[in-house]
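As stored in work_1.txt (compact mmCIF, C-alpha atoms):
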# COMPACT_ATOMS: atom_id res chain seq x y z
CA GLY C 16 4.86 -3.47 16.97
CA GLU C 17 2.80 -5.05 14.26
CA ASP C 18 4.49 -7.48 11.92
CA VAL C 19 3.14 -8.97 8.70
CA GLU C 20 4.99 -11.70 6.84
CA GLN C 21 4.60 -13.41 3.50
CA SER C 22 6.54 -15.91 1.48
CA LEU C 23 8.63 -14.11 -1.12
CA PHE C 24 7.93 -16.05 -4.26
CA LEU C 25 5.34 -18.33 -5.86
CA SER C 26 5.43 -19.89 -9.29
CA VAL C 27 2.44 -21.59 -10.91
CA ARG C 28 1.31 -22.69 -14.34
CA GLU C 29 -1.48 -20.96 -16.17
CA GLY C 30 -4.85 -22.48 -15.26
CA ASP C 31 -3.70 -23.73 -11.86
CA SER C 32 -4.82 -22.23 -8.57
CA SER C 33 -2.46 -19.98 -6.64
CA VAL C 34 -2.47 -19.67 -2.89
CA ILE C 35 -0.61 -16.80 -1.29
CA ASN C 36 -0.20 -16.88 2.47
CA CYS C 37 0.24 -14.17 5.05
CA THR C 38 0.72 -14.17 8.81
CA TYR C 39 0.31 -11.22 11.13
CA THR C 40 0.86 -10.54 14.78
CA ASP C 41 -1.62 -7.83 15.73
CA SER C 42 -4.57 -9.47 17.45
CA SER C 43 -6.53 -6.24 17.29
CA SER C 44 -6.59 -6.20 13.48
CA THR C 45 -9.99 -5.15 12.19
CA TYR C 46 -9.60 -5.38 8.44
CA LEU C 47 -7.15 -7.35 6.33
CA TYR C 48 -6.46 -6.49 2.73
CA TRP C 49 -4.93 -7.90 -0.40
CA TYR C 50 -3.31 -5.54 -2.88
CA LYS C 51 -1.74 -6.25 -6.27
CA GLN C 52 1.24 -4.30 -7.62
CA GLU C 53 2.40 -4.57 -11.19
CA PRO C 54 5.91 -3.41 -12.16
CA GLY C 55 6.40 0.33 -11.74
CA ALA C 56 2.81 0.89 -10.69
CA GLY C 57 0.87 1.72 -7.56
CA LEU C 58 -1.22 -0.70 -5.56
CA GLN C 59 -4.55 -2.03 -6.73
CA LEU C 60 -7.00 -3.07 -4.04
CA LEU C 61 -8.12 -6.62 -4.81
CA THR C 62 -10.25 -7.51 -1.85
CA TYR C 63 -10.50 -7.22 1.91
CA ILE C 64 -12.05 -9.08 4.78
CA PHE C 65 -13.40 -7.95 8.10
CA SER C 66 -11.92 -9.72 11.09
CA ASN C 67 -15.20 -11.31 12.16
CA MET C 68 -15.42 -13.20 8.88
CA ASP C 69 -13.53 -16.35 8.00
CA MET C 70 -14.08 -16.43 4.26
CA LYS C 71 -14.87 -14.07 1.43
CA GLN C 72 -15.23 -14.94 -2.23
CA ASP C 73 -15.13 -12.51 -5.11
CA GLN C 74 -15.10 -14.08 -8.58
CA ARG C 75 -11.75 -15.87 -8.92
CA LEU C 76 -10.52 -14.67 -5.55
CA THR C 77 -11.12 -16.42 -2.24
CA VAL C 78 -9.84 -15.01 1.02
CA LEU C 79 -9.57 -17.25 4.06
CA LEU C 80 -8.94 -15.86 7.53
CA ASN C 81 -7.93 -17.92 10.53
CA LYS C 82 -8.04 -15.37 13.28
CA LYS C 83 -6.91 -17.81 15.95
CA ASP C 84 -3.69 -18.52 14.08
CA LYS C 85 -3.50 -14.99 12.62
CA HIS C 86 -3.24 -16.45 9.15
CA LEU C 87 -4.66 -14.97 5.97
CA SER C 88 -4.61 -16.50 2.51
CA LEU C 89 -5.57 -15.44 -0.98
CA ARG C 90 -6.54 -18.10 -3.48
CA ILE C 91 -6.65 -17.19 -7.15
CA ALA C 92 -8.55 -19.71 -9.22
CA ASP C 93 -7.64 -20.39 -12.86
CA THR C 94 -4.52 -18.23 -12.60
CA GLN C 95 -3.69 -16.29 -15.77
CA THR C 96 -0.41 -14.81 -17.00
CA GLY C 97 -1.91 -11.39 -16.34
CA ASP C 98 -2.03 -12.28 -12.66
CA SER C 99 1.77 -12.16 -12.51
CA ALA C 100 2.56 -9.37 -10.06
CA ILE C 101 3.53 -8.75 -6.46
CA TYR C 102 0.76 -9.35 -3.94
CA PHE C 103 0.78 -7.57 -0.61
CA CYS C 104 -1.34 -8.37 2.37
CA ALA C 105 -1.96 -5.57 4.82
CA GLU C 106 -3.59 -5.33 8.17
CA ARG C 107 -5.35 -2.43 9.77
CA SER C 108 -4.99 -2.16 13.48
CA GLY C 109 -8.08 -1.71 15.58
CA ASN C 110 -6.13 0.49 17.94
CA THR C 111 -6.08 3.49 15.71
CA GLY C 112 -8.89 5.67 14.48
CA PHE C 113 -7.12 6.11 11.15
CA GLN C 114 -6.82 3.61 8.37
CA LYS C 115 -3.16 3.04 9.08
CA LEU C 116 -2.05 -0.08 7.26
CA VAL C 117 0.91 -2.34 7.94
CA PHE C 118 2.07 -4.16 4.84
CA GLY C 119 3.60 -7.54 4.43
CA THR C 120 6.81 -8.13 2.56
CA GLY C 121 5.01 -8.98 -0.68
CA THR C 122 4.82 -12.24 -2.63
CA ARG C 123 5.98 -12.24 -6.21
CA LEU C 124 3.66 -14.45 -8.26
CA LEU C 125 4.97 -15.74 -11.55
CA VAL C 126 2.51 -17.44 -13.88
CA SER C 127 4.01 -19.42 -16.71
CA PRO C 128 2.11 -20.41 -19.86
CA GLY M 21 -13.22 1.98 -7.35
CA ALA M 22 -12.14 5.44 -6.36
CA VAL M 23 -9.22 7.09 -8.13
CA VAL M 24 -6.15 8.67 -6.62
CA SER M 25 -3.67 10.42 -8.86
CA GLN M 26 -0.07 11.48 -8.33
CA HIS M 27 2.05 13.97 -10.15
CA PRO M 28 4.68 13.72 -11.43
CA SER M 29 5.00 10.03 -12.18
CA ARG M 30 8.75 10.35 -12.54
CA VAL M 31 11.21 13.02 -11.55
CA ILE M 32 14.96 13.33 -11.79
CA CYS M 33 16.63 16.10 -9.85
CA LYS M 34 20.06 17.24 -8.78
CA SER M 35 21.31 16.70 -5.28
CA GLY M 36 20.42 19.61 -3.01
CA THR M 37 17.26 20.63 -4.82
CA SER M 38 13.70 20.22 -3.57
CA VAL M 39 11.00 18.17 -5.23
CA LYS M 40 7.25 18.44 -4.75
CA ILE M 41 4.94 15.48 -5.29
CA GLU M 42 1.17 15.93 -5.46
CA CYS M 43 -1.48 13.44 -4.46
CA ARG M 44 -5.10 14.03 -5.43
CA SER M 45 -8.30 12.17 -4.72
CA LEU M 46 -10.24 12.59 -7.94
CA ASP M 47 -13.80 11.73 -7.12
CA PHE M 48 -13.99 11.79 -3.36
CA GLN M 49 -12.82 13.91 -0.47
CA ALA M 50 -10.10 12.77 1.87
CA THR M 51 -9.43 14.48 5.18
CA THR M 52 -6.60 12.02 5.67
CA MET M 53 -4.02 10.81 3.19
CA PHE M 54 -0.99 8.61 3.69
CA TRP M 55 2.48 8.80 2.23
CA TYR M 56 4.53 5.64 1.74
CA ARG M 57 7.99 4.94 0.52
CA GLN M 58 8.99 1.78 -1.30
CA PHE M 59 12.55 0.70 -2.01
CA PRO M 60 13.20 -1.72 -4.87
CA LYS M 61 11.81 -5.18 -4.19
CA GLN M 62 10.69 -4.17 -0.74
CA SER M 63 7.41 -3.49 0.99
CA LEU M 64 5.75 -0.17 1.56
CA MET M 65 6.81 1.76 4.61
CA LEU M 66 4.46 4.38 5.99
CA MET M 67 6.20 7.74 6.24
CA ALA M 68 3.47 10.03 7.48
CA THR M 69 -0.22 10.70 7.79
CA SER M 70 -1.39 13.88 6.13
CA ASN M 71 -4.27 15.63 7.86
CA GLU M 72 -6.37 18.31 6.22
CA GLY M 73 -6.29 21.46 8.29
CA SER M 74 -3.66 20.30 10.75
CA LYS M 75 -0.09 19.10 10.98
CA ALA M 76 1.01 15.83 9.51
CA THR M 77 1.86 12.93 11.78
CA TYR M 78 5.23 11.38 11.04
CA GLU M 79 6.33 7.85 11.69
CA GLN M 80 9.32 7.19 13.86
CA GLY M 81 12.57 7.84 12.07
CA VAL M 82 11.09 10.07 9.36
CA GLU M 83 12.50 13.60 9.37
CA LYS M 84 9.63 16.05 9.27
CA ASP M 85 11.89 18.92 8.17
CA LYS M 86 13.11 16.90 5.23
CA PHE M 87 9.76 15.54 4.10
CA LEU M 88 7.34 18.45 4.26
CA ILE M 89 3.68 17.58 3.98
CA ASN M 90 0.88 19.99 3.27
CA HIS M 91 -2.75 18.92 3.05
CA ALA M 92 -4.03 21.98 1.26
CA SER M 93 -7.59 20.88 0.59
CA LEU M 94 -9.90 17.91 0.93
CA THR M 95 -8.59 16.49 -2.34
CA LEU M 96 -4.90 17.44 -2.35
CA SER M 97 -1.87 16.55 -0.29
CA THR M 98 1.69 17.41 -1.24
CA LEU M 99 4.98 15.89 -0.18
CA THR M 100 8.08 18.01 -0.64
CA VAL M 101 11.45 16.33 -0.40
CA THR M 102 13.77 19.15 0.63
CA SER M 103 17.48 19.24 -0.15
CA ALA M 104 17.22 15.87 -1.82
CA HIS M 105 20.15 13.47 -1.73
CA PRO M 106 20.78 10.26 -3.69
CA GLU M 107 19.62 8.17 -0.72
CA ASP M 108 16.20 9.80 -1.06
CA SER M 109 15.79 8.12 -4.43
CA SER M 110 12.80 5.85 -4.08
CA PHE M 111 9.24 5.16 -5.15
CA TYR M 112 6.79 7.35 -3.25
CA ILE M 113 3.15 6.30 -3.09
CA CYS M 114 0.21 8.09 -1.54
CA SER M 115 -3.13 6.68 -0.52
CA ALA M 116 -6.49 7.97 0.59
CA PRO M 117 -9.18 6.18 2.56
CA GLN M 118 -12.70 6.15 1.25
CA GLY M 119 -15.30 5.33 3.83
CA ARG M 120 -14.41 3.19 6.81
CA GLU M 121 -13.14 0.16 5.01
CA THR M 122 -11.20 0.87 1.87
CA GLN M 123 -8.03 2.71 0.98
CA TYR M 124 -7.01 3.59 -2.56
CA PHE M 125 -3.48 4.13 -3.74
CA GLY M 126 -1.98 6.46 -6.26
CA PRO M 127 0.17 5.17 -9.13
CA GLY M 128 3.36 6.27 -7.40
CA THR M 129 6.16 8.72 -8.14
CA ARG M 130 9.63 7.52 -8.91
CA LEU M 131 12.25 9.94 -7.66
CA LEU M 132 15.85 9.75 -8.79
CA VAL M 133 18.32 12.13 -7.19
CA LEU M 134 21.60 12.49 -9.02
Full structure transcribed into structure tokens:
Amino acid sequence: GEDVEQSLFLSVREGDSSVINCTYTDSSSTYLYWYKQEPGAGLQLLTYIFSNMDMKQDQRLTVLLNKKDKHLSLRIADTQTGDSAIYFCAERSGNTGFQKLVFGTGTRLLVSP
Amino acid sequence: GAVVSQHPSRVICKSGTSVKIECRSLDFQATTMFWYRQFPKQSLMLMATSNEGSKATYEQGVEKDKFLINHASLTLSTLTVTSAHPEDSSFYICSAPQGRETQYFGPGTRLLVL
């Protein structure tokens, strides 16, 4: 089955860039997503990328996709303390007509002042 | 973005009772909704796909008689945890797709079974 993996923890200083990495196994993935979860809350959609793209930029967020290596990354520029949260990548398989998502393990980002 | 709500946000119940959780899409219609379960410090695990007008589709290992799903309208899906036990305590999150590309999540419901 599909498998999505992330590193568990990342710590950065305020103002630095953060890079969160994700690897997946499903070669039929059509869309890949990044979600943010703050403590005790649901998931907030940050951005997504279609599988025929290799980069997408949205304000402070840059998503890079290496489809050959099945590697996805999220770069947050000028990281702020408010960016501290858990970040999940998720992939949507192309083999299903529904938007069934498979989530990664989540990366806890800690931003220190 | 689109808004998905859940109610209640928190519920505490006694073992053996049933609990109903509602998921609503507030400004769009959703013929499909998804129910996830999240244990502390873990990822989201898809439990089932809720389909308006037909039966829900359950993931492997999820007991359909224990987790009853009803997609009553194009904006409402309910998850009922029947005869709840302490091991059912978890964070339950629903989501609804909007369009072909995006999926929006509710704020989650924390269930504690005593």
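Of note, CA of Thr122 in chain M and CA of Thr98 in chain M are spaced 21.2 Å apart.
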**Request:** Determine, counting all atoms listed in the file, which protein, DNA and RNA residues have an atom within 12 Å of an atom of Thr62 in chain C; residues of the same chain fewer than 6 positions away are not included. Present the result as a PyMOL selection string.
**Result:** (chain C and resi 46-51+70-79+88-91+102-105) or (chain M and resi 21+121-124)
**Request:** Return the neighbours of chain M among the residues of chain C, cut-off 9 Å, counting all atoms listed in the file, as an MDAnalysis selection string.
**Result:** chainID C and resid 46 48 55:60 63 65 103 113:121
**Atomic distance CA of Asp41 in chain C - CA of Ser66 in chain C, expressed in Å with one decimal** =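 Atom-to-atom, CA of Asp41 in chain C and CA of Ser66 in chain C are spaced 11.5 Å apart.
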**Complete:** Counting only C-alpha atoms, the residue among M:Val31, M:Ile89, M:Leu99, M:Leu94 that lies closest to Gln49 in chain M is M:Leu94
**Item:** Separation of CA of Met68 in chain C from CA of Leu80 in chain C in Å
**Value:**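 Calculated distance between CA of Leu80 in chain C and CA of Met68 in chain C is 7.1 Å.
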